[in-house]
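Here is the file my_file.cif (mmCIF, C-alpha atoms and all ligand atoms).
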data_query
loop_
_atom_site.group_PDB
_atom_site.id
_atom_site.type_symbol
_atom_site.label_atom_id
_atom_site.label_comp_id
_atom_site.auth_asym_id
_atom_site.auth_seq_id
_atom_site.Cartn_x
_atom_site.Cartn_y
_atom_site.Cartn_z
ATOM 1 C CA MET I 1 -0.056 13.437 -17.243
ATOM 2 C CA SER I 2 3.044 12.253 -19.061
ATOM 3 C CA ASN I 3 3.762 8.580 -19.678
ATOM 4 C CA GLU I 4 7.275 8.785 -18.308
ATOM 5 C CA ARG I 5 8.130 6.628 -15.343
ATOM 6 C CA VAL I 6 7.580 8.297 -11.991
ATOM 7 C CA THR I 7 10.844 8.823 -10.107
ATOM 8 C CA THR I 8 11.893 10.435 -6.831
ATOM 9 C CA ALA I 9 12.462 13.646 -8.839
ATOM 10 C CA TYR I 10 8.741 13.584 -9.706
ATOM 11 C CA PHE I 11 7.898 13.562 -5.965
ATOM 12 C CA ARG I 12 10.224 16.532 -5.317
ATOM 13 C CA GLU I 13 8.848 18.547 -8.228
ATOM 14 C CA ALA I 14 5.238 17.762 -7.302
ATOM 15 C CA LYS I 15 5.789 19.244 -3.835
ATOM 16 C CA LYS I 16 7.539 22.300 -5.244
ATOM 17 C CA GLU I 17 4.769 22.895 -7.773
ATOM 18 C CA GLY I 18 1.888 22.082 -5.426
ATOM 19 C CA ARG I 19 0.591 19.084 -7.426
ATOM 20 C CA PRO I 20 -0.804 16.341 -5.154
ATOM 21 C CA VAL I 21 0.918 12.947 -5.449
ATOM 22 C CA THR I 22 -1.500 10.022 -5.779
ATOM 23 C CA MET I 23 -0.641 6.633 -4.317
ATOM 24 C CA LEU I 24 -2.600 3.378 -3.844
ATOM 25 C CA THR I 25 -1.783 -0.177 -2.863
ATOM 26 C CA ALA I 26 -1.777 -3.245 -5.119
ATOM 27 C CA TYR I 27 -0.769 -6.809 -4.371
ATOM 28 C CA ASP I 28 -1.242 -8.593 -7.702
ATOM 29 C CA TYR I 29 -0.910 -8.173 -11.477
ATOM 30 C CA PRO I 30 -4.480 -7.264 -12.515
ATOM 31 C CA MET I 31 -4.976 -4.662 -9.786
ATOM 32 C CA ALA I 32 -1.537 -3.159 -10.403
ATOM 33 C CA LYS I 33 -2.380 -2.799 -14.098
ATOM 34 C CA MET I 34 -5.699 -1.100 -13.327
ATOM 35 C CA VAL I 35 -4.112 1.283 -10.813
ATOM 36 C CA ASP I 36 -1.315 2.156 -13.261
ATOM 37 C CA ASP I 37 -3.775 2.631 -16.146
ATOM 38 C CA ALA I 38 -5.798 4.983 -13.918
ATOM 39 C CA GLY I 39 -2.772 7.294 -13.828
ATOM 40 C CA ILE I 40 -1.914 6.840 -10.148
ATOM 41 C CA ASP I 41 1.653 8.056 -9.504
ATOM 42 C CA ALA I 42 2.880 5.422 -7.046
ATOM 43 C CA ILE I 43 1.862 1.868 -6.225
ATOM 44 C CA LEU I 44 2.643 0.611 -2.751
ATOM 45 C CA VAL I 45 2.895 -3.123 -2.307
ATOM 46 C CA GLY I 46 1.982 -2.712 1.349
ATOM 47 C CA ASP I 47 2.507 -5.253 4.097
ATOM 48 C CA SER I 48 -1.230 -4.615 4.575
ATOM 49 C CA LEU I 49 -1.387 -7.554 2.169
ATOM 50 C CA GLY I 50 -1.163 -9.584 5.399
ATOM 51 C CA ASN I 51 -4.651 -8.336 6.316
ATOM 52 C CA VAL I 52 -6.112 -7.813 2.888
ATOM 53 C CA VAL I 53 -5.044 -10.876 0.912
ATOM 54 C CA LEU I 54 -3.448 -13.352 3.347
ATOM 55 C CA GLY I 55 -6.089 -13.252 6.083
ATOM 56 C CA TYR I 56 -3.841 -12.430 9.057
ATOM 57 C CA ASP I 57 -5.194 -10.111 11.740
ATOM 58 C CA SER I 58 -2.090 -7.888 11.675
ATOM 59 C CA THR I 59 0.922 -7.153 9.478
ATOM 60 C CA ILE I 60 3.343 -8.838 11.911
ATOM 61 C CA PRO I 61 3.365 -12.326 10.264
ATOM 62 C CA VAL I 62 4.221 -10.981 6.785
ATOM 63 C CA THR I 63 7.675 -12.155 5.616
ATOM 64 C CA MET I 64 10.253 -10.912 3.109
ATOM 65 C CA ASP I 65 9.354 -13.880 0.871
ATOM 66 C CA ASP I 66 5.648 -12.863 0.969
ATOM 67 C CA MET I 67 6.615 -9.321 -0.032
ATOM 68 C CA VAL I 68 8.909 -10.363 -2.877
ATOM 69 C CA HIS I 69 6.280 -12.784 -4.251
ATOM 70 C CA HIS I 70 3.607 -10.070 -4.460
ATOM 71 C CA ILE I 71 5.983 -7.310 -5.635
ATOM 72 C CA LYS I 72 7.006 -9.494 -8.597
ATOM 73 C CA ALA I 73 3.356 -9.876 -9.636
ATOM 74 C CA VAL I 74 2.749 -6.124 -9.306
ATOM 75 C CA THR I 75 5.798 -4.942 -11.240
ATOM 76 C CA ARG I 76 4.795 -7.151 -14.212
ATOM 77 C CA GLY I 77 1.636 -5.055 -14.556
ATOM 78 C CA VAL I 78 3.099 -1.550 -14.191
ATOM 79 C CA ARG I 79 4.581 0.801 -16.787
ATOM 80 C CA ARG I 80 4.429 4.324 -15.374
ATOM 81 C CA ALA I 81 3.854 4.312 -11.613
ATOM 82 C CA MET I 82 6.687 4.075 -9.109
ATOM 83 C CA VAL I 83 6.391 0.684 -7.402
ATOM 84 C CA ILE I 84 7.342 0.883 -3.730
ATOM 85 C CA GLY I 85 7.753 -2.261 -1.605
ATOM 86 C CA ASP I 86 7.048 -2.233 2.129
ATOM 87 C CA MET I 87 9.793 -3.554 4.384
ATOM 88 C CA PRO I 88 7.996 -6.110 6.597
ATOM 89 C CA PHE I 89 8.267 -6.564 10.386
ATOM 90 C CA LEU I 90 11.873 -7.021 11.617
ATOM 91 C CA SER I 91 13.375 -6.808 8.116
ATOM 92 C CA CYS I 92 15.478 -3.728 8.945
ATOM 93 C CA HIS I 93 16.127 -3.994 12.674
ATOM 94 C CA LEU I 94 18.760 -6.712 13.055
ATOM 95 C CA SER I 95 21.812 -5.163 11.417
ATOM 96 C CA ARG I 96 22.775 -2.717 8.709
ATOM 97 C CA GLU I 97 23.819 -5.640 6.548
ATOM 98 C CA GLU I 98 20.495 -7.457 6.945
ATOM 99 C CA SER I 99 18.569 -4.213 6.244
ATOM 100 C CA VAL I 100 20.437 -3.502 3.024
ATOM 101 C CA ARG I 101 20.168 -7.121 1.868
ATOM 102 C CA ASN I 102 16.389 -7.131 2.421
ATOM 103 C CA ALA I 103 15.847 -3.769 0.744
ATOM 104 C CA GLY I 104 18.032 -4.998 -2.115
ATOM 105 C CA ARG I 105 15.809 -8.064 -2.633
ATOM 106 C CA ILE I 106 12.768 -5.795 -3.052
ATOM 107 C CA LEU I 107 14.468 -4.062 -5.986
ATOM 108 C CA GLN I 108 16.589 -6.874 -7.430
ATOM 109 C CA GLU I 109 14.129 -9.799 -7.137
ATOM 110 C CA GLY I 110 10.870 -7.891 -6.949
ATOM 111 C CA GLY I 111 11.577 -5.203 -9.525
ATOM 112 C CA ALA I 112 10.332 -2.358 -7.292
ATOM 113 C CA ARG I 113 12.017 1.061 -7.497
ATOM 114 C CA ALA I 114 11.920 2.047 -3.825
ATOM 115 C CA VAL I 115 11.199 0.669 -0.360
ATOM 116 C CA LYS I 116 9.133 2.034 2.517
ATOM 117 C CA LEU I 117 9.899 1.427 6.146
ATOM 118 C CA GLU I 118 8.114 2.281 9.382
ATOM 119 C CA GLY I 119 9.680 4.251 12.194
ATOM 120 C CA GLY I 120 11.637 7.320 13.271
ATOM 121 C CA ARG I 121 15.083 7.915 14.743
ATOM 122 C CA GLU I 122 15.425 4.224 15.701
ATOM 123 C CA VAL I 123 15.568 3.261 12.010
ATOM 124 C CA ALA I 124 17.592 6.299 10.826
ATOM 125 C CA GLU I 125 20.777 4.223 10.653
ATOM 126 C CA ALA I 126 19.065 1.550 8.538
ATOM 127 C CA ILE I 127 17.679 4.251 6.230
ATOM 128 C CA ARG I 128 21.157 5.739 5.829
ATOM 129 C CA ALA I 129 22.646 2.358 4.922
ATOM 130 C CA ILE I 130 19.887 1.507 2.415
ATOM 131 C CA VAL I 131 20.084 4.937 0.758
ATOM 132 C CA ALA I 132 23.880 4.571 0.566
ATOM 133 C CA ALA I 133 23.289 1.399 -1.489
ATOM 134 C CA GLY I 134 21.356 3.416 -4.088
ATOM 135 C CA ILE I 135 17.877 2.441 -2.926
ATOM 136 C CA PRO I 136 15.295 5.232 -2.495
ATOM 137 C CA VAL I 137 13.534 5.014 0.889
ATOM 138 C CA MET I 138 10.086 6.306 1.838
ATOM 139 C CA GLY I 139 9.521 6.820 5.570
ATOM 140 C CA HIS I 140 6.323 6.051 7.516
ATOM 141 C CA LEU I 141 5.371 7.808 10.779
ATOM 142 C CA GLY I 142 2.319 8.203 12.998
ATOM 143 C CA LEU I 143 0.281 5.021 13.167
ATOM 144 C CA THR I 144 2.862 2.373 12.329
ATOM 145 C CA PRO I 145 0.941 -0.927 12.231
ATOM 146 C CA GLN I 146 4.040 -3.078 12.834
ATOM 147 C CA SER I 147 4.180 -1.526 16.341
ATOM 148 C CA ILE I 148 0.569 -2.463 17.130
ATOM 149 C CA ASN I 149 1.711 -4.341 20.232
ATOM 150 C CA GLN I 150 3.326 -1.187 21.633
ATOM 151 C CA MET I 151 0.639 1.277 20.518
ATOM 152 C CA GLY I 152 -2.112 -0.787 22.118
ATOM 153 C CA GLY I 153 -4.438 -0.500 19.121
ATOM 154 C CA TYR I 154 -4.781 1.307 15.795
ATOM 155 C CA LYS I 155 -5.201 4.861 17.125
ATOM 156 C CA VAL I 156 -4.485 8.395 15.990
ATOM 157 C CA GLN I 157 -0.895 9.329 16.947
ATOM 158 C CA GLY I 158 0.726 12.597 18.009
ATOM 159 C CA LYS I 159 -2.257 14.154 19.760
ATOM 160 C CA ASP I 160 -0.594 15.540 22.896
ATOM 161 C CA GLU I 161 2.353 17.917 22.914
ATOM 162 C CA ALA I 162 4.985 15.342 23.876
ATOM 163 C CA ALA I 163 3.832 12.845 21.234
ATOM 164 C CA ALA I 164 3.625 15.602 18.598
ATOM 165 C CA ARG I 165 7.156 16.826 19.411
ATOM 166 C CA LYS I 166 8.461 13.268 19.178
ATOM 167 C CA LEU I 167 6.804 12.862 15.782
ATOM 168 C CA ILE I 168 8.314 16.135 14.528
ATOM 169 C CA ASP I 169 11.791 15.083 15.728
ATOM 170 C CA ASP I 170 11.378 11.650 14.098
ATOM 171 C CA ALA I 171 10.362 13.260 10.800
ATOM 172 C CA ARG I 172 13.465 15.475 10.881
ATOM 173 C CA ALA I 173 15.682 12.514 11.797
ATOM 174 C CA ILE I 174 14.542 10.362 8.874
ATOM 175 C CA GLN I 175 14.616 13.312 6.469
ATOM 176 C CA GLU I 176 18.222 13.866 7.597
ATOM 177 C CA ALA I 177 18.880 10.140 7.016
ATOM 178 C CA GLY I 178 17.806 10.519 3.395
ATOM 179 C CA VAL I 179 14.139 9.540 2.838
ATOM 180 C CA PHE I 180 12.650 11.009 -0.354
ATOM 181 C CA SER I 181 9.128 11.200 1.109
ATOM 182 C CA ILE I 182 7.240 10.363 4.322
ATOM 183 C CA VAL I 183 3.875 8.631 4.820
ATOM 184 C CA LEU I 184 1.917 10.167 7.710
ATOM 185 C CA GLU I 185 -0.700 7.709 8.945
ATOM 186 C CA CYS I 186 -3.500 8.745 11.330
ATOM 187 C CA VAL I 187 -1.932 12.034 12.414
ATOM 188 C CA PRO I 188 -4.139 15.012 13.438
ATOM 189 C CA VAL I 189 -4.844 17.313 10.466
ATOM 190 C CA PRO I 190 -3.106 20.436 11.925
ATOM 191 C CA LEU I 191 0.038 18.476 12.823
ATOM 192 C CA ALA I 192 0.202 16.912 9.342
ATOM 193 C CA LYS I 193 -0.185 20.439 7.903
ATOM 194 C CA MET I 194 2.678 21.766 10.025
ATOM 195 C CA LEU I 195 4.934 18.820 9.081
ATOM 196 C CA THR I 196 4.085 19.307 5.397
ATOM 197 C CA GLU I 197 4.988 23.000 5.621
ATOM 198 C CA THR I 198 8.239 22.514 7.503
ATOM 199 C CA LEU I 199 9.710 19.386 5.877
ATOM 200 C CA ASP I 200 11.633 19.574 2.601
ATOM 201 C CA VAL I 201 10.423 16.138 1.455
ATOM 202 C CA PRO I 202 6.807 15.505 0.376
ATOM 203 C CA THR I 203 4.361 14.051 2.894
ATOM 204 C CA ILE I 204 1.864 11.403 1.791
ATOM 205 C CA GLY I 205 -1.144 11.187 4.104
ATOM 206 C CA ILE I 206 -3.514 8.389 5.079
ATOM 207 C CA GLY I 207 -5.968 9.644 7.655
ATOM 208 C CA ALA I 208 -3.829 12.805 7.902
ATOM 209 C CA GLY I 209 -6.018 15.402 6.203
ATOM 210 C CA PRO I 210 -5.924 17.416 2.985
ATOM 211 C CA HIS I 211 -2.733 19.457 3.507
ATOM 212 C CA CYS I 212 -0.280 16.625 2.818
ATOM 213 C CA ASN I 213 1.613 16.697 -0.483
ATOM 214 C CA GLY I 214 -0.093 13.453 -1.506
ATOM 215 C CA GLN I 215 -2.600 10.827 -0.430
ATOM 216 C CA VAL I 216 -2.503 7.045 -0.111
ATOM 217 C CA LEU I 217 -5.246 4.515 0.628
ATOM 218 C CA VAL I 218 -5.503 0.729 0.644
ATOM 219 C CA THR I 219 -7.180 0.044 -2.720
ATOM 220 C CA HIS I 220 -9.356 -2.733 -1.303
ATOM 221 C CA ASP I 221 -10.769 -0.233 1.223
ATOM 222 C CA LEU I 222 -11.715 2.397 -1.384
ATOM 223 C CA LEU I 223 -13.294 -0.326 -3.519
ATOM 224 C CA GLY I 224 -15.299 -1.659 -0.570
ATOM 225 C CA MET I 225 -13.670 -5.015 -1.162
ATOM 226 C CA TYR I 226 -12.314 -5.787 2.271
ATOM 227 C CA GLY I 227 -15.044 -7.035 4.598
ATOM 228 C CA GLY I 228 -16.326 -4.674 7.218
ATOM 229 C CA PHE I 229 -13.128 -2.577 7.527
ATOM 230 C CA SER I 230 -14.185 1.071 7.497
ATOM 231 C CA PRO I 231 -11.994 3.453 9.483
ATOM 232 C CA LYS I 232 -12.965 7.112 9.197
ATOM 233 C CA PHE I 233 -10.299 7.936 6.594
ATOM 234 C CA ALA I 234 -11.142 5.171 4.087
ATOM 235 C CA LYS I 235 -13.694 6.716 1.716
ATOM 236 C CA ARG I 236 -15.559 4.068 -0.283
ATOM 237 C CA TYR I 237 -15.784 4.769 -4.010
ATOM 238 C CA ALA I 238 -17.401 1.394 -4.820
ATOM 239 C CA GLN I 239 -19.137 -1.477 -3.034
ATOM 240 C CA LEU I 240 -17.351 -4.449 -4.579
ATOM 241 C CA HIS I 241 -17.838 -6.730 -1.589
ATOM 242 C CA GLU I 242 -21.618 -6.538 -2.101
ATOM 243 C CA ASP I 243 -21.305 -6.797 -5.921
ATOM 244 C CA ILE I 244 -19.083 -9.868 -5.711
ATOM 245 C CA SER I 245 -21.289 -11.578 -3.101
ATOM 246 C CA ARG I 246 -24.367 -10.988 -5.275
ATOM 247 C CA ALA I 247 -22.607 -12.414 -8.357
ATOM 248 C CA LEU I 248 -21.426 -15.523 -6.493
ATOM 249 C CA GLN I 249 -24.894 -16.230 -5.102
ATOM 250 C CA ALA I 250 -26.492 -15.715 -8.525
ATOM 251 C CA TYR I 251 -24.091 -18.294 -9.997
ATOM 252 C CA ARG I 252 -24.907 -20.799 -7.264
ATOM 253 C CA GLU I 253 -28.652 -20.309 -7.730
ATOM 254 C CA GLU I 254 -28.463 -20.608 -11.536
ATOM 255 C CA VAL I 255 -26.421 -23.827 -11.404
ATOM 256 C CA GLN I 256 -28.754 -25.304 -8.801
ATOM 257 C CA SER I 257 -31.875 -24.356 -10.788
ATOM 258 C CA GLY I 258 -30.433 -25.434 -14.176
ATOM 259 C CA THR I 259 -30.491 -21.913 -15.648
ATOM 260 C CA PHE I 260 -26.715 -21.917 -16.182
ATOM 261 C CA PRO I 261 -25.157 -22.998 -18.463
ATOM 262 C CA GLY I 262 -27.565 -22.036 -21.273
ATOM 263 C CA PRO I 263 -27.332 -23.054 -24.959
ATOM 264 C CA GLU I 264 -25.141 -20.007 -25.670
ATOM 265 C CA HIS I 265 -22.468 -21.265 -23.258
ATOM 266 C CA GLY I 266 -21.932 -24.646 -25.009
ATOM 267 C CA PHE I 267 -20.268 -25.998 -28.164
ATOM 268 C CA GLY I 268 -22.117 -28.003 -30.892
ATOM 269 C CA MET I 269 -21.090 -31.083 -32.878
ATOM 270 C CA ALA I 270 -22.306 -32.644 -36.164
ATOM 271 C CA GLU I 271 -25.315 -34.892 -35.499
ATOM 272 C CA GLU I 272 -24.136 -37.782 -37.763
ATOM 273 C CA VAL I 273 -20.785 -37.965 -35.960
ATOM 274 C CA MET I 274 -22.568 -38.030 -32.639
ATOM 275 C CA ALA I 275 -24.990 -40.722 -33.894
ATOM 276 C CA ARG I 276 -22.079 -43.099 -34.683
ATOM 277 C CA LEU I 277 -20.692 -42.644 -31.169
ATOM 278 C CA TYR I 278 -23.854 -43.853 -29.422
HETATM 279 N N1 LIG M 1 -7.370 -2.905 4.747
HETATM 280 C C1 LIG M 1 -6.472 -2.225 5.463
HETATM 281 N N2 LIG M 1 -6.475 -0.882 5.423
HETATM 282 C C2 LIG M 1 -5.587 -0.167 6.148
HETATM 283 O O1 LIG M 1 -5.637 1.091 6.085
HETATM 284 C C3 LIG M 1 -4.627 -0.857 6.917
HETATM 285 C C4 LIG M 1 -4.651 -2.260 6.919
HETATM 286 N N3 LIG M 1 -5.567 -2.922 6.200
HETATM 287 N N4 LIG M 1 -3.753 -2.988 7.645
HETATM 288 C C5 LIG M 1 -2.639 -2.328 8.260
HETATM 289 C C6 LIG M 1 -3.015 -1.016 8.746
HETATM 290 C C7 LIG M 1 -3.978 -0.998 9.915
HETATM 291 N N5 LIG M 1 -4.616 0.285 9.751
HETATM 292 C C8 LIG M 1 -5.636 0.805 10.535
HETATM 293 C C9 LIG M 1 -6.542 -0.008 11.165
HETATM 294 C C10 LIG M 1 -7.565 0.518 11.919
HETATM 295 C C11 LIG M 1 -7.683 1.877 12.098
HETATM 296 C C12 LIG M 1 -8.793 2.430 12.956
HETATM 297 O O2 LIG M 1 -9.613 1.700 13.431
HETATM 298 N N6 LIG M 1 -8.805 3.755 13.153
HETATM 299 C C13 LIG M 1 -9.846 4.459 13.908
HETATM 300 C C14 LIG M 1 -9.190 5.557 14.725
HETATM 301 C C15 LIG M 1 -9.540 5.466 16.153
HETATM 302 C C16 LIG M 1 -9.051 6.691 16.926
HETATM 303 O O3 LIG M 1 -7.907 6.729 17.374
HETATM 304 O O4 LIG M 1 -9.849 7.642 17.076
HETATM 305 C C17 LIG M 1 -10.830 5.133 12.948
HETATM 306 O O5 LIG M 1 -12.013 5.229 13.303
HETATM 307 O O6 LIG M 1 -10.421 5.550 11.827
HETATM 308 C C18 LIG M 1 -6.758 2.701 11.476
HETATM 309 C C19 LIG M 1 -5.740 2.164 10.685
HETATM 310 C C20 LIG M 1 -4.171 0.907 8.533
HETATM 311 N N7 LIG M 1 -3.678 -0.199 7.729
HETATM 312 C C1 LIG M 2 -1.411 1.903 4.575
HETATM 313 C C2 LIG M 2 -0.091 1.978 3.877
HETATM 314 C C3 LIG M 2 0.611 3.275 4.086
HETATM 315 C C4 LIG M 2 0.781 0.797 4.243
HETATM 316 O O1 LIG M 2 1.801 0.878 4.858
HETATM 317 C C5 LIG M 2 0.326 -0.529 3.783
HETATM 318 O O2 LIG M 2 -0.617 -0.623 2.965
HETATM 319 O O3 LIG M 2 0.926 -1.521 4.225
HETATM 320 MG MG MG M 3 2.556 -1.029 5.536
#

What would you get if you wrote out this structure as C-alpha cells?
Amino acid sequence: MSNERVTTAYFREAKKEGRPVTMLTAYDYPMAKMVDDAGIDAILVGDSLGNVVLGYDSTIPVTMDDMVHHIKAVTRGVRRAMVIGDMPFLSCHLSREESVRNAGRILQEGGARAVKLEGGREVAEAIRAIVAAGIPVMGHLGLTPQSINQMGGYKVQGKDEAAARKLIDDARAIQEAGVFSIVLECVPVPLAKMLTETLDVPTIGIGAGPHCNGQVLVTHDLLGMYGGFSPKFAKRYAQLHEDISRALQAYREEVQSGTFPGPEHGFGMAEEVMARLY
C-alpha cells in the first residue's frame, strides 16, 4: 500500500486490476485518523451521522451545516484516504445552482475530495452539473435511506424483474452523467454481481455481496458501537458498546466506593509548605 493520496484514478485502476476498494465511515477527527492509519482507501462522512452520532431516527433531518461541521473534523485527521462527503436530504434537488453550491461547500469548506449522492436518473442532471464544476461524484443506488418514506422501510431493493431493470437503468444513467463509482446498498448478490460486471465504474457494496469492486460499512456498526443495530450485512469485528458500558460502570463504582482516585492519580506537595497553610 503506497502512501500517496487516493484519487478517482485509484478507484479506476483498482477495478481494472481486481483489487478490492476498502471504504468506511468516520464523523470525527480521532476515528478518521484511526481509519486512515488502518490503510482504508476511502472515508465516507455519511449522513448516517444523523443516526449514529446525532441521535435522529433517520437521515432526513441532517443538514448541509451538520455535514460540513463533521467533514472539517474528519479531513483534519486524514492523510492518505479519499474523504467523500454525503450530500444530505434535499441538498441537490432544488436547482442545478443549489446542487453545485452545496457540493462545492463540501470540498471548499469541508476539505473533502468528492461527494456522494443518492438516486438514479432523477439526479443525473445534478450529477452532470456538479461534475462539470470539477467535483468528483460517487453515486448511491438500491436502498437509499433518504427515500425511507417512499420505500416504506429499510428493505432489500431490486428483487423483482421490474425493480431490477429500473436499478440497472439508473446505474447506466448516473454512469453516463459522470459518477466515478457507485455504492450499491442492500441489493441482491446476483444483481450486484451483474452490475459490477457490466458497469465501467467500480461498485462499492454494503449488503450487496462479495462481487462488488469494493466494500463499505458504517464503522460504528463493525465496532459494535451503535446500540442494538445489527442488520444482516453489518459484521461485528468488536463489541465496543459492551466494553464502554463496562468501563463507565467500573468508574462509577470505584468513585462511589472510594477506590478511585488512588495515590498514584494525585500530586504531592512539601509538608512544611502545607503546614503553614493550615
Ligand atoms: N448505523 C447505521 N448503519 C447503517 O448501515 C445505516 C445507518 N446507520 N443509517 C442510514 C442507513 C439505514 N440503513 C439500514 C437500516 C436497516 C437495515 C435493515 O434492517 N435491513 C434488513 C433487511 C430486511 C430485508 O429487506 O430483508 C436486514 O436484516 O439487514 C438496512 C439498512 C443503512 N444505513
Ligand atoms: C451507508 C453509507 C453508504 C452511507 O450512505 C452513510 O453512511 O450515510
Ligand atoms: Mg448516506

Contacts of segment 53-70 of chain I at 9 Å (only C-alpha atoms; same-chain gap of 2+ positions) as a ChimeraX atom specification: /I:26-29,45-51,72-75,85-91,102,105-107,109-111,145-148,226

Point-to-point distance in Å for atom CA of Asp170 of chain I and atom O2 of ligand LIG 1 (chain M): 23.2 Å

Can you write out as a tab-separated table which residues of chain I fall within 6 Å of ligand LIG 1 (chain M), alongside each residue's closest atom pair and its distance in Å to one decimal, counting all atoms listed in the file and ordering rows by chain and ascending residue number?
residue	atom	partner	partner_atom	distance
I:Ser48	CA	M:LIG1	N4	4.3
I:Asn51	CA	M:LIG1	N3	5.5
I:Val52	CA	M:LIG1	N1	5.4
I:Pro145	CA	M:LIG1	C6	5.3
I:Tyr154	CA	M:LIG1	C11	4.7
I:Lys155	CA	M:LIG1	O3	3.3
I:Val156	CA	M:LIG1	O3	4.0
I:Val218	CA	M:LIG1	N2	5.1
I:Asp221	CA	M:LIG1	N1	5.6
I:Pro231	CA	M:LIG1	O6	3.5
I:Lys232	CA	M:LIG1	O6	4.0
I:Phe233	CA	M:LIG1	O6	5.8

Residue with smallest distance to ligand LIG 2 (chain M) - pool I:Gly119, I:Pro261, I:Gly104, I:Gly77, counting all atoms listed in the file: I:Gly119

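Minimum atom-to-atom distance to ligand LIG 2 (chain M), evaluated using all atoms listed in the file, belongs to I:His220 out of I:Arg128, I:Lys33, I:Arg165, I:His220.
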
Expansion of the PyMOL selection byres (((chain I and resi 182) around 10) and not hetatm) into residues, as a list in words: Lys116, Leu117, Glu118, Val137, Met138, Gly139, His140, Leu141, Ala171, Ile174, Gln175, Val179, Phe180, Ser181, Val183, Leu184, Glu185, Leu195, Thr196, Leu199, Val201, Pro202, Thr203, Ile204, Gly205, Cys212, Asn213 and Gly214 of chain I

So for ligand LIG 2 (chain M), what box centre and size do we get, axis-aligned, 4 Å extra on each of the six sides, every listed atom, Å to one decimal, as lines of an AutoDock Vina configuration file?
center_x = 0.2
center_y = 0.9
center_z = 3.9
size_x = 11.2
size_y = 12.8
size_z = 9.9
